[in-house]
$ cat target32.tsv   # TSV, C-alpha atoms
chain	number	residue	atom	x	y	z
A	9	MET	CA	-1.07	-4.76	15.05
A	10	LEU	CA	-2.85	-6.34	12.08
A	11	PRO	CA	-6.22	-5.13	10.72
A	12	LEU	CA	-8.67	-7.89	9.83
A	13	LYS	CA	-11.75	-6.06	8.54
A	14	ASP	CA	-13.65	-2.79	8.71
A	15	ASP	CA	-17.35	-2.06	9.21
A	16	ILE	CA	-18.14	-0.05	6.05
A	17	PRO	CA	-20.07	-2.10	3.48
A	18	THR	CA	-19.36	-1.37	-0.17
A	19	ARG	CA	-22.21	-0.42	-2.49
A	20	ARG	CA	-20.85	-2.36	-5.46
A	21	VAL	CA	-18.35	-5.09	-6.23
A	22	PRO	CA	-14.80	-3.62	-5.94
A	23	ILE	CA	-13.70	-4.88	-9.34
A	24	VAL	CA	-10.49	-2.82	-9.58
A	25	THR	CA	-9.37	-3.80	-6.08
A	26	LEU	CA	-9.95	-7.47	-6.88
A	27	LEU	CA	-8.14	-7.06	-10.21
A	28	LEU	CA	-5.15	-5.41	-8.54
A	29	ILE	CA	-4.95	-8.24	-6.03
A	30	ALA	CA	-5.17	-10.82	-8.82
A	31	ILE	CA	-2.42	-9.10	-10.83
A	32	ASN	CA	-0.08	-8.90	-7.82
A	33	VAL	CA	-0.67	-12.56	-6.95
A	34	ALA	CA	-0.19	-13.66	-10.58
A	35	VAL	CA	3.03	-11.67	-10.95
A	36	TYR	CA	4.46	-13.20	-7.77
A	37	PHE	CA	3.64	-16.83	-8.54
A	38	LEU	CA	3.83	-16.88	-12.34
A	39	PHE	CA	6.31	-14.16	-13.32
A	40	GLU	CA	8.61	-14.19	-10.29
A	41	GLU	CA	7.98	-17.90	-9.70
A	42	GLY	CA	7.92	-17.27	-5.98
A	43	LEU	CA	6.72	-19.63	-3.25
A	44	TRP	CA	7.41	-18.78	0.40
A	45	SER	CA	10.36	-16.73	-0.86
A	46	LEU	CA	11.96	-15.95	-4.20
A	47	GLY	CA	14.29	-18.35	-5.91
A	48	GLN	CA	16.89	-17.59	-8.55
A	49	THR	CA	14.32	-16.64	-11.18
A	50	GLY	CA	12.49	-14.31	-8.81
A	51	ASN	CA	15.66	-12.57	-7.74
A	52	GLU	CA	16.62	-12.09	-11.38
A	53	ARG	CA	13.19	-10.60	-12.09
A	54	VAL	CA	13.62	-8.17	-9.19
A	55	LEU	CA	16.94	-7.00	-10.62
A	56	GLU	CA	15.43	-6.65	-14.09
A	57	TYR	CA	12.13	-4.98	-13.19
A	58	GLY	CA	12.68	-3.42	-9.77
A	59	ALA	CA	13.00	0.37	-9.55
A	60	ILE	CA	16.58	1.45	-8.82
A	61	PRO	CA	16.85	5.04	-7.52
A	62	ALA	CA	20.30	5.66	-9.02
A	63	GLU	CA	18.99	4.82	-12.49
A	64	ILE	CA	15.96	7.07	-12.05
A	65	THR	CA	17.99	10.09	-10.94
A	66	ASP	CA	20.64	9.46	-13.61
A	67	PRO	CA	19.11	7.51	-16.51
A	68	GLY	CA	22.54	6.98	-18.05
A	69	THR	CA	23.67	4.96	-15.05
A	70	GLU	CA	23.66	1.17	-15.46
A	71	VAL	CA	23.82	-0.67	-12.16
A	72	GLY	CA	21.55	-3.57	-13.01
A	73	PRO	CA	21.98	-6.50	-15.42
A	74	PRO	CA	22.52	-5.73	-19.13
A	75	ASP	CA	18.96	-6.82	-19.99
A	76	GLN	CA	17.32	-4.69	-17.30
A	77	ALA	CA	14.09	-2.96	-18.30
A	78	PRO	CA	14.27	0.82	-18.92
A	79	PHE	CA	13.85	2.90	-15.75
A	80	TRP	CA	10.52	4.29	-16.99
A	81	VAL	CA	9.18	0.74	-17.18
A	82	THR	CA	10.50	-0.24	-13.76
A	83	ILE	CA	8.72	2.61	-11.96
A	84	PHE	CA	5.47	0.87	-12.92
A	85	SER	CA	6.51	-2.79	-12.94
A	86	SER	CA	8.03	-2.52	-9.45
A	87	MET	CA	4.56	-1.74	-8.01
A	88	PHE	CA	3.33	-5.23	-8.84
A	89	MET	CA	6.30	-7.27	-7.59
A	90	HIS	CA	7.07	-8.61	-4.13
A	91	GLY	CA	10.02	-10.08	-2.31
A	92	SER	CA	8.29	-12.89	-0.40
A	93	LEU	CA	4.92	-14.49	0.23
A	94	LEU	CA	4.68	-12.64	3.56
A	95	HIS	CA	5.34	-9.35	1.77
A	96	LEU	CA	2.65	-10.12	-0.79
A	97	GLY	CA	0.11	-11.40	1.74
A	98	GLY	CA	0.42	-8.42	4.07
A	99	ASN	CA	0.05	-5.93	1.24
A	100	MET	CA	-2.95	-7.68	-0.28
A	101	LEU	CA	-4.69	-7.87	3.10
A	102	PHE	CA	-4.37	-4.11	3.57
A	103	LEU	CA	-5.45	-3.48	-0.02
A	104	TRP	CA	-8.58	-5.60	0.38
A	105	ILE	CA	-9.65	-4.13	3.73
A	106	PHE	CA	-9.17	-0.47	2.82
A	107	GLY	CA	-9.05	-0.44	-0.97
A	108	ASN	CA	-12.61	-1.59	-1.58
A	109	ASN	CA	-14.05	1.43	0.25
A	110	ILE	CA	-11.73	3.90	-1.49
A	111	GLU	CA	-12.69	2.40	-4.86
A	112	ASP	CA	-16.32	2.74	-3.76
A	113	SER	CA	-15.77	6.46	-3.13
A	114	MET	CA	-14.92	7.17	-6.78
A	115	GLY	CA	-15.21	5.74	-10.27
A	116	ARG	CA	-13.39	2.51	-11.03
A	117	LEU	CA	-11.07	4.01	-13.62
A	118	THR	CA	-10.46	6.96	-11.29
A	119	PHE	CA	-9.43	4.56	-8.54
A	120	ALA	CA	-6.96	2.84	-10.85
A	121	VAL	CA	-5.42	6.23	-11.68
A	122	PHE	CA	-5.34	7.21	-7.99
A	123	TYR	CA	-3.62	3.94	-7.09
A	124	VAL	CA	-0.90	4.28	-9.71
A	125	LEU	CA	-0.29	7.95	-8.88
A	126	GLY	CA	0.01	6.99	-5.22
A	127	GLY	CA	2.64	4.42	-6.13
A	128	LEU	CA	4.56	6.98	-8.18
A	129	ALA	CA	4.43	9.53	-5.35
A	130	ALA	CA	5.70	6.88	-2.94
A	131	LEU	CA	8.61	5.94	-5.17
A	132	GLY	CA	9.35	9.62	-5.74
A	133	LEU	CA	9.85	10.32	-2.04
A	134	HIS	CA	11.93	7.17	-1.65
A	135	VAL	CA	14.20	8.29	-4.50
A	136	LEU	CA	14.37	11.84	-3.12
A	137	PHE	CA	15.74	10.63	0.20
A	138	ASP	CA	18.08	7.98	-1.21
A	139	PRO	CA	18.89	9.03	-4.79
A	140	ASP	CA	22.13	7.08	-5.07
A	141	SER	CA	20.78	3.72	-3.94
A	142	THR	CA	21.54	0.83	-6.28
A	143	ILE	CA	19.16	-1.56	-4.51
A	144	PRO	CA	15.98	-2.44	-6.47
A	145	THR	CA	12.71	-1.41	-4.86
A	146	VAL	CA	9.66	-3.61	-5.33
A	147	GLY	CA	6.23	-3.88	-3.75
A	148	ALA	CA	2.73	-2.46	-3.78
A	149	SER	CA	3.26	-0.90	-0.34
A	150	GLY	CA	3.62	2.66	-1.61
A	151	ALA	CA	0.42	2.59	-3.66
A	152	ILE	CA	-1.42	0.87	-0.81
A	153	ALA	CA	-0.10	3.50	1.60
A	154	ALA	CA	-1.89	6.08	-0.56
A	155	VAL	CA	-5.08	4.06	-0.08
A	156	LEU	CA	-4.50	4.06	3.69
A	157	GLY	CA	-3.98	7.81	3.75
A	158	ALA	CA	-7.15	8.29	1.73
A	159	TYR	CA	-9.11	6.06	4.10
A	160	ALA	CA	-7.83	7.94	7.15
A	161	ARG	CA	-9.02	11.18	5.56
A	162	LEU	CA	-12.44	9.96	4.40
A	163	TYR	CA	-13.42	7.50	7.14
A	164	PRO	CA	-11.45	8.32	10.31
A	165	ARG	CA	-14.18	7.05	12.67
A	166	ALA	CA	-14.83	3.76	10.90
A	167	ARG	CA	-14.31	0.71	13.10
A	168	VAL	CA	-11.52	-1.72	12.26
A	169	VAL	CA	-11.32	-5.18	13.80
A	170	THR	CA	-7.65	-5.51	14.66
A	171	LEU	CA	-5.37	-8.27	15.87
A	172	VAL	CA	-3.06	-6.73	18.50
A	173	PHE	CA	0.20	-8.36	19.58
A	174	ILE	CA	1.68	-7.55	23.01
A	175	VAL	CA	4.94	-9.49	23.41
A	176	ILE	CA	3.67	-13.12	23.29
A	177	ILE	CA	0.02	-12.27	23.94
A	178	PHE	CA	-2.45	-11.35	21.25
A	179	THR	CA	-6.04	-10.21	21.32
A	180	ILE	CA	-8.68	-8.96	18.90
A	181	VAL	CA	-10.11	-5.48	19.46
A	182	THR	CA	-12.19	-3.01	17.47
A	183	LEU	CA	-10.50	0.36	17.04
A	184	PRO	CA	-11.20	3.62	15.17
A	185	ALA	CA	-9.60	3.63	11.72
A	186	LEU	CA	-7.73	6.85	12.46
A	187	LEU	CA	-6.02	5.20	15.43
A	188	VAL	CA	-5.07	2.08	13.47
A	189	LEU	CA	-3.78	4.00	10.46
A	190	GLY	CA	-2.20	6.73	12.57
A	191	LEU	CA	-0.18	4.13	14.48
A	192	TRP	CA	0.78	2.47	11.20
A	193	PHE	CA	2.05	5.81	9.88
A	194	LEU	CA	3.97	6.46	13.11
A	195	LEU	CA	5.66	3.07	12.73
A	196	GLN	CA	6.90	4.22	9.32
A	197	LEU	CA	8.11	7.61	10.55
A	198	LEU	CA	10.16	6.40	13.49
A	199	PRO	CA	12.56	4.05	11.64
A	200	ALA	CA	12.65	6.29	8.56
A	201	PHE	CA	14.21	9.15	10.53
A	202	SER	CA	16.15	7.12	13.10
A	203	GLU	CA	18.05	4.73	10.84
A	204	PRO	CA	21.07	5.96	8.86
A	205	MET	CA	20.38	6.80	5.22
A	206	GLY	CA	21.32	3.93	2.95
A	207	ALA	CA	20.73	1.31	5.64
A	208	GLU	CA	17.61	0.36	3.65
A	209	GLY	CA	15.62	-0.21	6.82
A	210	GLY	CA	16.19	-3.96	6.73
A	211	GLY	CA	14.65	-4.07	3.27
A	212	VAL	CA	11.72	-1.75	4.04
A	213	ALA	CA	11.36	1.44	1.99
A	214	TYR	CA	9.87	3.53	4.79
A	215	PHE	CA	9.98	6.79	2.86
A	216	ALA	CA	7.95	5.17	0.08
A	217	HIS	CA	5.26	4.34	2.65
A	218	ILE	CA	5.37	7.90	3.99
A	219	GLY	CA	5.18	9.41	0.51
A	220	GLY	CA	2.23	7.26	-0.48
A	221	PHE	CA	0.32	7.97	2.72
A	222	ILE	CA	0.83	11.73	2.47
A	223	PHE	CA	-0.29	11.65	-1.16
A	224	GLY	CA	-3.45	9.81	-0.16
A	225	VAL	CA	-4.29	12.25	2.61
A	226	LEU	CA	-3.71	15.33	0.44
A	227	ALA	CA	-5.11	14.13	-2.89
A	228	ILE	CA	-8.15	12.02	-2.03
A	229	LYS	CA	-10.61	14.92	-2.04
A	230	LEU	CA	-9.71	15.55	-5.68
A	231	PHE	CA	-10.75	12.00	-6.60
A	232	ALA	CA	-13.53	10.97	-4.23
A	233	THR	CA	-16.92	12.08	-5.52
A	234	LYS	CA	-19.06	9.27	-4.05
A	235	VAL	CA	-18.03	9.28	-0.40
A	236	HIS	CA	-20.08	7.08	1.93
A	237	GLU	CA	-21.22	10.02	4.08
A	238	ASP	CA	-23.36	7.90	6.42
A	239	TYR	CA	-20.63	5.38	7.21
A	240	GLU	CA	-21.03	5.78	10.99
A	241	ARG	CA	-24.66	4.63	11.07
A	242	PRO	CA	-23.93	1.00	12.16
A	243	HIS	CA	-22.34	2.11	15.45
A	244	ARG	CA	-24.48	5.11	16.36
A	245	ILE	CA	-26.40	5.05	19.62
A	246	PRO	CA	-30.11	5.12	18.79
A	247	VAL	CA	-32.10	8.09	20.08
A	248	TYR	CA	-35.79	7.71	21.02
$ encode --input "target32.tsv" --output "structure tokens"
Amino acid sequence: MLPLKDDIPTRRVPIVTLLLIAINVAVYFLFEEGLWSLGQTGNERVLEYGAIPAEITDPGTEVGPPDQAPFWVTIFSSMFMHGSLLHLGGNMLFLWIFGNNIEDSMGRLTFAVFYVLGGLAALGLHVLFDPDSTIPTVGASGAIAAVLGAYARLYPRARVVTLVFIVIIFTIVTLPALLVLGLWFLLQLLPAFSEPMGAEGGGVAYFAHIGGFIFGVLAIKLFATKVHEDYERPHRIPVY
């Protein structure tokens, strides 16, 4: 299931959302020197600037290369790095569809703070559940999960045009946002609690996604002061 667009127009240009997308894209292609996947330089960058749980829980531990960035730098730098073009593209699609409306619900600087805090909350839960991991974590998924949780809380009945895959068949349907995001969250919960700890979920930090989403759901009301209260108007049945 892949969301394509929602039906809530923004009231202003989502500058921060566009800037975040631009930074993530620039970091992948210019700093990591990635194409479809990462080469030697990109993999070295991931080791140097990815967040390693074991180093966060025990700052004296050195499991990365000698020139690795300090752990307090990596908890921020890791949010803007990705492991492949598919990883980057999927994250940026979700950020564009849902991030512009969450930015629209608050001030631009406030949205930037919310986004970063969501990423930190996501990494925090990931580290809590796998504190001894020596595998670098990278990706904007945790911060974007906070955006998804916020959207589910603010605009649960918004309509989302969604590409749905059923085995080898696919179709495009319009679904309530709460259904789309609820299913996305369920797909994070199931493998997170069914796979053995330390298996790394095939490279997916599921607990980071869960942590970010929960943060978004719980914290959004503290940040959103300009909620689009009339967002359901486009699909209301007219009454005469």
$ residues_around --input "target32.tsv" --residues "Pro164 (chain A)" --least-positions-apart "4" --cutoff "9 Å" --atoms "all atoms listed in the file" --output "PyMOL selection string"
chain A and resi 159-160+184-187+189
$ closest_residue --input "target32.tsv" --among "A:Met114, A:Val172, A:Glu56, A:Leu46" --to "Pro74 (chain A)" --atoms "only C-alpha atoms"
A:Glu56
$ residues_around --input "target32.tsv" --residues "Glu237 (chain A)" --least-positions-apart "5" --cutoff "10 Å" --atoms "all atoms listed in the file" --output "PDB file with C-alpha atoms, in the coordinates of the input"
ATOM      1  CA  SER A 113     -15.770   6.460  -3.130  1.00  0.00           C
ATOM      2  CA  LEU A 162     -12.440   9.960   4.400  1.00  0.00           C
ATOM      3  CA  TYR A 163     -13.420   7.500   7.140  1.00  0.00           C
TER       4      TYR A 163
END
$ residues_near_point --input "target32.tsv" --point "(-14.1, 14.0, -9.3)" --cutoff "12 Å" --atoms "all atoms listed in the file" --output "number ranges by chain"
A: 113-119, 121-122, 227-235
$ closest_atom_pairs --input "target32.tsv" --of "region 50-99 of chain A" --to "region 128-141 of chain A" --cutoff "7 Å" --atoms "only C-alpha atoms" --output "CSV"
residue,atom,partner,partner_atom,distance
A:Ile60,CA,A:Ser141,CA,6.8
A:Pro61,CA,A:Val135,CA,5.2
A:Ala62,CA,A:Asp140,CA,4.6
A:Thr65,CA,A:Pro139,CA,6.3
$ closest_residue --input "target32.tsv" --among "A:Phe178, A:Gly157, A:Glu203, A:Tyr214" --to "Leu226 (chain A)" --atoms "all atoms listed in the file"
A:Gly157
$ atom_distance --input "target32.tsv" --atom1 "CA of Ala158 (chain A)" --atom2 "CA of Phe221 (chain A)"
7.5 Å
$ residues_around --input "target32.tsv" --residues "Ile152 (chain A)" --least-positions-apart "2" --cutoff "10 Å" --atoms "only C-alpha atoms" --output "MDAnalysis selection string"
chainID A and resid 87 99:100 102:104 106:107 123:124 126:127 130 147:150 154:158 217 220:221 224
$ atom_distance --input "target32.tsv" --atom1 "CA of Leu26 (chain A)" --atom2 "CA of Asn109 (chain A)"
12.1 Å
$ atom_distance --input "target32.tsv" --atom1 "CA of Val168 (chain A)" --atom2 "CA of Leu183 (chain A)"
5.3 Å
